[in-house]
Amino acid sequence: MLTQSKIQQAEEALQKAKVKMNHRYRLGYHIMAPANWINDPNGLIQYKGEYHVFYQHHPFDENWGPMHWGHVKSKDLVHWEHLPIALTPTEDYEKDGCFSGSAVDDNGVLTLIYTGNIFVDREKDIVDQSQCIATSVDGIHFTKEAANPVISKHPKEGSGHFRDPKVWRHGEYWYMVLGTRKGNTGKVILYKSKDLRQWEYLGVLAESDETLGYMWECPDFFELDGKYVLIFSPQGMEAKGDLYNNLFQTGYLIGEYDYETNKFIHGSFTELDHGHDFYAVQTLLDDKGRRIAIGWMDMWESNMPTKEDGWCGALTLPRELTLGENIEILMNPVEELTFLRELKNSVCTDKSFSGTHLVETKEDLIELKLEFDLTKTAAESVGLKIRGINQEETTLLYQIENQKLTLDCTKSGKGEDGVRRTKVESNQVLSLRVFIDRSSIEVFVNDGQATLTSRIYPKEERLGIELFTENGDAHVIDFTYWKL
Ligand code: FRU
């Protein structure tokens, strides 16, 4: 009952906050909380035929605070319905928040596995974390397990910072990965269980060498086209040229895994996305066999202007992960996102131009597809600008000789830290698929070879989309955009 009345209170707080919210930057087709704060996606699962996404949520404030689990579901990964808050911190073992975790379907019982957080000494960053369970048979109301926490003591290879359980089934067992640290070494540790309640510790799955950070958050481990992938979010990596330019990163290790020996032999760390705002990614496997990833579309300690509007944070579009020829992860928007398309505008096909070409549109919500034939392009660089009516613009620029793609949001709300850059090796075609929402941009390059995800905060009305070349002609294969 305590839980129900706490959920009621939180829902009432959200109703009040919704009324006061300023909508200027509210997103048109991304998952957000009804109001107030949201961070990591949690508990991604397809349950009884519907996709469920939970998220870290503070329903009482636009700032991070004692974490709850918000909840949405969808039949098509595009249209999301808000459900009541799923978890509130009511018990001693989670008194400072129900932290991130995952969901499994345990014979029809929707089971959430999450971290109970206790701050022992916030100043000194000492926490006492444990792993907990909550179950539901209707997929809406959750009951916490009386025997919580199900894992209360960290192994000697870790510390009180051990959190963000991702659980999956393999054969007769459930497996769990957790992120942890020992001193200044980030790690992912592994457990197994027959019943989700009693867990056996199996050891360290992977850990930082000197370069991969002091803490690894939000691990996820799965098979992808015959290889094993460990996604995680390391904290404390140093920037290196165009790499690791955000405060924290999200990326992956890929290799071979043996369930008999629990050995994971892998290559080096690769960033998953190259924009400003992509963190704490989690995946699900759906009934079509697709591995679908969703991330938090913000970054800790970044400038978040929507706080003054009474809300903060959003999740990325769902992306399908596949393996590329060079054993790298490709990320593409799930195909259902085409359901968002309303009005189609075919601007041009098979056409050369030089200089600038402006397509006027006031639309805020746009998907656009732009393909250049680089074999017929003499220009040094090509690109596009999403332009505001006066000074504002978000720029994508591809330099053909050094094969670098730059996203520049300096003039759309990011200021000094506005530029992110990545290498896109291509001699033939540069294909950009770009999703623009009121305060976000997601760029998918060459069928998922690279992605760049950033929040933008334009203040001006939109003027349009401008194609440009620098020093020469470019050949456009296709330029189409849709109002969403
Ligand atoms: C990642 C994270 C997780 C933690 C949660 C708390 O962004 O720090 O490690 O469980 O957020 O909200």
# chains A, B, ... in the order shown; residues from 1 in each chain; ligands from 1
$ residues_near_ligand --ligand "ligand 1" --cutoff "7 Å" --atoms "only C-alpha atoms and all ligand atoms" --output "compact mmCIF listing (two decimals) with N, CA and C atoms, in the first residue's frame"
# COMPACT_ATOMS: atom_id res chain seq x y z
N ASN A 39 16.76 9.95 -17.07
CA ASN A 39 18.06 9.59 -17.67
C ASN A 39 18.01 8.20 -18.29
N ASP A 40 18.80 7.25 -17.86
CA ASP A 40 18.99 6.00 -18.62
C ASP A 40 17.70 5.27 -19.01
N GLN A 56 15.08 5.80 -15.96
CA GLN A 56 15.42 6.48 -14.72
C GLN A 56 14.69 7.82 -14.71
N MET A 67 15.92 8.10 -7.57
CA MET A 67 15.46 7.55 -8.85
C MET A 67 14.23 6.65 -8.70
N PHE A 99 17.99 2.33 -9.00
CA PHE A 99 18.90 2.64 -10.10
C PHE A 99 18.64 1.72 -11.30
N SER A 100 19.46 1.89 -12.33
CA SER A 100 19.21 1.23 -13.62
C SER A 100 19.23 -0.28 -13.52
N THR A 115 19.14 -1.96 -9.42
CA THR A 115 20.08 -1.68 -8.32
C THR A 115 19.42 -0.82 -7.26
N ARG A 163 26.56 -1.98 -10.11
CA ARG A 163 25.19 -1.60 -10.46
C ARG A 163 24.83 -1.92 -11.91
N ASP A 164 23.57 -1.63 -12.23
CA ASP A 164 23.01 -1.69 -13.59
C ASP A 164 22.96 -3.11 -14.14
N GLU A 217 29.74 1.73 -16.38
CA GLU A 217 28.31 1.71 -16.07
C GLU A 217 27.54 0.99 -17.17
N CYS A 218 26.35 0.58 -16.85
CA CYS A 218 25.35 0.10 -17.81
C CYS A 218 25.87 -0.93 -18.83
N TYR A 279 24.32 8.04 -24.21
CA TYR A 279 24.89 7.40 -23.02
C TYR A 279 23.98 6.30 -22.51
N ALA A 280 24.60 5.38 -21.74
CA ALA A 280 23.85 4.36 -20.98
C ALA A 280 22.91 3.54 -21.87
$ residues_around --residues "Asp220 (chain A)" --least-positions-apart "4" --cutoff "8 Å" --atoms "only C-alpha atoms" --output "CSV table (one decimal) with N, CA and C atoms, in the first residue's frame"
chain,number,residue,atom,x,y,z
A,166,LYS,N,22.2,-6.3,-16.1
A,166,LYS,CA,21.5,-6.7,-17.4
A,166,LYS,C,21.5,-8.2,-17.3
A,177,VAL,N,25.2,-9.4,-16.1
A,177,VAL,CA,26.4,-8.6,-16.0
A,177,VAL,C,26.1,-7.3,-15.1
A,229,VAL,N,29.2,-9.3,-28.0
A,229,VAL,CA,29.4,-7.9,-27.9
A,229,VAL,C,29.2,-7.4,-26.4
A,230,LEU,N,30.1,-6.7,-25.9
A,230,LEU,CA,29.9,-6.1,-24.6
A,230,LEU,C,29.8,-4.6,-24.8
A,231,ILE,N,28.6,-4.1,-24.6
A,231,ILE,CA,28.4,-2.6,-24.6
A,231,ILE,C,28.5,-2.1,-23.2
A,232,PHE,N,29.1,-1.0,-23.0
A,232,PHE,CA,29.2,-0.4,-21.6
A,232,PHE,C,29.5,1.1,-21.7
A,282,GLN,N,21.0,0.6,-23.7
A,282,GLN,CA,20.6,-0.8,-23.4
A,282,GLN,C,19.9,-1.4,-24.7
A,283,THR,N,20.0,-2.7,-24.8
A,283,THR,CA,19.4,-3.4,-26.0
A,283,THR,C,18.3,-4.4,-25.6
$ closest_atom_pairs --of "region 114-153 of chain A" --to "region 89-95 of chain A" --cutoff "8 Å" --atoms "only C-alpha atoms" --output "Markdown table"
| residue | atom | partner | partner_atom | distance |
| --- | --- | --- | --- | --- |
| A:Thr115 | CA | A:Glu94 | CA | 7.6 |
| A:Gly116 | CA | A:Glu94 | CA | 4.0 |
| A:Asn117 | CA | A:Glu94 | CA | 4.8 |
| A:Ile118 | CA | A:Lys95 | CA | 5.9 |
| A:Ser130 | CA | A:Tyr93 | CA | 7.5 |
| A:Asn148 | CA | A:Tyr93 | CA | 7.9 |
| A:Pro149 | CA | A:Tyr93 | CA | 7.1 |
$ write_last_selection --atoms "N, CA, C and O atoms" --output "mmCIF file, in the first residue's frame"
data_model
loop_
_atom_site.group_PDB
_atom_site.id
_atom_site.type_symbol
_atom_site.label_atom_id
_atom_site.label_comp_id
_atom_site.auth_asym_id
_atom_site.auth_seq_id
_atom_site.Cartn_x
_atom_site.Cartn_y
_atom_site.Cartn_z
ATOM 1 N N THR A 115 19.143 -1.957 -9.423
ATOM 2 C CA THR A 115 20.077 -1.684 -8.319
ATOM 3 C C THR A 115 19.421 -0.816 -7.261
ATOM 4 O O THR A 115 18.879 0.252 -7.565
ATOM 5 N N GLY A 116 19.491 -1.283 -6.021
ATOM 6 C CA GLY A 116 19.068 -0.453 -4.892
ATOM 7 C C GLY A 116 20.259 0.405 -4.490
ATOM 8 O O GLY A 116 21.357 -0.118 -4.306
ATOM 9 N N ASN A 117 20.040 1.703 -4.392
ATOM 10 C CA ASN A 117 21.176 2.595 -4.101
ATOM 11 C C ASN A 117 21.054 3.223 -2.715
ATOM 12 O O ASN A 117 20.005 3.739 -2.345
ATOM 13 N N ILE A 118 22.159 3.182 -2.007
ATOM 14 C CA ILE A 118 22.261 3.899 -0.727
ATOM 15 C C ILE A 118 23.533 4.753 -0.774
ATOM 16 O O ILE A 118 24.604 4.239 -1.077
ATOM 17 N N SER A 130 23.109 -2.662 -4.166
ATOM 18 C CA SER A 130 22.735 -4.077 -4.139
ATOM 19 C C SER A 130 21.765 -4.329 -5.283
ATOM 20 O O SER A 130 21.221 -3.386 -5.857
ATOM 21 N N ASN A 148 14.481 -9.271 -1.169
ATOM 22 C CA ASN A 148 15.447 -8.271 -1.665
ATOM 23 C C ASN A 148 16.398 -7.838 -0.559
ATOM 24 O O ASN A 148 15.983 -7.783 0.595
ATOM 25 N N PRO A 149 17.625 -7.461 -0.865
ATOM 26 C CA PRO A 149 18.252 -7.576 -2.181
ATOM 27 C C PRO A 149 18.686 -9.024 -2.475
ATOM 28 O O PRO A 149 19.020 -9.752 -1.553
#
$ select_by_dssp --residues "region 177-322 of chain A" --states "strand (DSSP E or B)" --output "PyMOL selection string"
chain A and resi 177-182+185-193+200-207+215-224+227-235+240+243+248+251-258+263-266+270-271+279-285+291-296+311-312+315+319-322
$ atom_distance --atom1 "CA of Ala146 (chain A)" --atom2 "CA of Ile126 (chain A)"
26.0 Å
$ closest_residue --among "A:Glu461, A:Glu367, A:Glu335, A:Glu328" --to "Gln391 (chain A)" --atoms "only C-alpha atoms"
A:Glu461
$ residues_around --residues "Arg290 (chain A)" --least-positions-apart "3" --cutoff "7 Å" --atoms "only C-alpha atoms" --output "MDAnalysis selection string"
chainID A and resid 285:286 320
$ residues_around --residues "Asp121 (chain A)" --least-positions-apart "6" --cutoff "12 Å" --atoms "only C-alpha atoms" --output "MDAnalysis selection string"
chainID A and resid 96 127:128 160
$ residues_around --residues "Cys312 (chain A)" --least-positions-apart "5" --cutoff "8 Å" --atoms "only C-alpha atoms" --output "PyMOL selection string"
chain A and resi 35-38+62-63+304+306-307
$ write_last_selection --atoms "N, CA and C atoms" --output "short mmCIF file (atom, residue, chain, number, x, y, z; two decimals), in the first residue's frame"
data_model
loop_
_atom_site.label_atom_id
_atom_site.label_comp_id
_atom_site.auth_asym_id
_atom_site.auth_seq_id
_atom_site.Cartn_x
_atom_site.Cartn_y
_atom_site.Cartn_z
N ALA A 35 6.92 14.92 -17.58
CA ALA A 35 7.53 16.18 -17.11
C ALA A 35 8.71 15.79 -16.23
N ASN A 36 9.51 16.79 -15.87
CA ASN A 36 10.64 16.56 -14.96
C ASN A 36 11.73 15.66 -15.53
N TRP A 37 12.55 15.11 -14.66
CA TRP A 37 13.84 14.52 -15.08
C TRP A 37 13.74 13.06 -15.56
N ILE A 38 14.57 12.74 -16.56
CA ILE A 38 14.73 11.37 -17.05
C ILE A 38 16.20 11.16 -17.39
N GLU A 62 12.96 18.73 -11.99
CA GLU A 62 13.63 18.70 -13.30
C GLU A 62 15.11 18.32 -13.17
N ASN A 63 15.58 18.18 -11.92
CA ASN A 63 16.95 17.73 -11.68
C ASN A 63 16.97 16.27 -11.23
N MET A 304 21.80 21.87 -19.91
CA MET A 304 20.47 21.32 -20.20
C MET A 304 19.42 22.43 -20.09
N THR A 306 16.51 22.88 -21.00
CA THR A 306 15.08 22.60 -20.79
C THR A 306 14.73 22.52 -19.31
N LYS A 307 15.76 22.51 -18.44
CA LYS A 307 15.44 22.51 -17.01
C LYS A 307 14.58 23.72 -16.65
#
$ residues_around --residues "Val334 (chain A)" --least-positions-apart "5" --cutoff "12 Å" --atoms "only C-alpha atoms" --output "ChimeraX atom specification"
/A:76-78,286,288,290-294,316-322,339-340,444,447-448
$ residues_around --residues "Asp105 (chain A)" --least-positions-apart "4" --cutoff "10 Å" --atoms "only C-alpha atoms" --output "list in words"
Ile45, Gln46, Tyr47, Lys48, Val109, Leu110, Thr111, Leu112, Thr135, Ser136, Val137, Trp168 and Arg169 of chain A
$ atom_distance --atom1 "CA of Glu460 (chain A)" --atom2 "CA of Ser439 (chain A)"
12.0 Å
$ closest_residue --among "A:Gln235, A:Lys263, A:Leu272, A:Glu223" --to "Gly251 (chain A)" --atoms "only C-alpha atoms"
A:Leu272
$ closest_residue --among "A:Glu393, A:Glu336, A:Glu271, A:Glu145" --to "Ile113 (chain A)" --atoms "only C-alpha atoms"
A:Glu145
$ atom_distance --atom1 "CA of Asp258 (chain A)" --atom2 "CA of Val188 (chain A)"
15.9 Å
$ closest_residue --among "A:Leu405, A:Lys414, A:Ser381, A:Gln198" --to "Ser302 (chain A)" --atoms "only C-alpha atoms"
A:Lys414
$ closest_residue --among "A:Ile465, A:Ile254, A:Asp309, A:Ala239" --to "Val19 (chain A)" --atoms "only C-alpha atoms"
A:Asp309
$ closest_residue --among "A:Leu323, A:Leu407, A:Leu368, A:Met32" --to "Lys423 (chain A)" --atoms "only C-alpha atoms"
A:Leu407
$ select_by_dssp --residues "region 164-356 of chain A" --states "helix (DSSP H, G or I)" --output "NGL selection string"
:A and (305-309 or 335-340)
$ write_last_selection --atoms "N, CA and C atoms" --output "mmCIF file, in the first residue's frame"
data_model
loop_
_atom_site.group_PDB
_atom_site.id
_atom_site.type_symbol
_atom_site.label_atom_id
_atom_site.label_comp_id
_atom_site.auth_asym_id
_atom_site.auth_seq_id
_atom_site.Cartn_x
_atom_site.Cartn_y
_atom_site.Cartn_z
ATOM 1 N N PRO A 305 19.273 23.238 -21.136
ATOM 2 C CA PRO A 305 18.408 24.426 -21.037
ATOM 3 C C PRO A 305 16.932 24.123 -20.796
ATOM 4 N N THR A 306 16.514 22.876 -21.001
ATOM 5 C CA THR A 306 15.085 22.602 -20.790
ATOM 6 C C THR A 306 14.733 22.521 -19.314
ATOM 7 N N LYS A 307 15.763 22.511 -18.443
ATOM 8 C CA LYS A 307 15.437 22.508 -17.007
ATOM 9 C C LYS A 307 14.583 23.720 -16.645
ATOM 10 N N GLU A 308 14.911 24.849 -17.287
ATOM 11 C CA GLU A 308 14.099 26.036 -16.964
ATOM 12 C C GLU A 308 12.688 25.933 -17.540
ATOM 13 N N ASP A 309 12.452 24.934 -18.381
ATOM 14 C CA ASP A 309 11.116 24.711 -18.950
ATOM 15 C C ASP A 309 10.322 23.660 -18.170
ATOM 16 N N GLU A 335 13.100 -0.031 -38.863
ATOM 17 C CA GLU A 335 12.340 0.264 -40.095
ATOM 18 C C GLU A 335 10.978 0.892 -39.808
ATOM 19 N N GLU A 336 10.407 0.600 -38.606
ATOM 20 C CA GLU A 336 9.083 1.165 -38.275
ATOM 21 C C GLU A 336 9.111 2.693 -38.259
ATOM 22 N N LEU A 337 10.268 3.305 -38.144
ATOM 23 C CA LEU A 337 10.310 4.773 -38.068
ATOM 24 C C LEU A 337 9.791 5.428 -39.342
ATOM 25 N N THR A 338 9.697 4.671 -40.414
ATOM 26 C CA THR A 338 9.102 5.242 -41.635
ATOM 27 C C THR A 338 7.610 5.549 -41.414
ATOM 28 N N PHE A 339 6.992 4.932 -40.364
ATOM 29 C CA PHE A 339 5.576 5.255 -40.063
ATOM 30 C C PHE A 339 5.404 6.728 -39.709
ATOM 31 N N LEU A 340 6.498 7.360 -39.314
ATOM 32 C CA LEU A 340 6.396 8.772 -38.908
ATOM 33 C C LEU A 340 6.256 9.710 -40.103
#
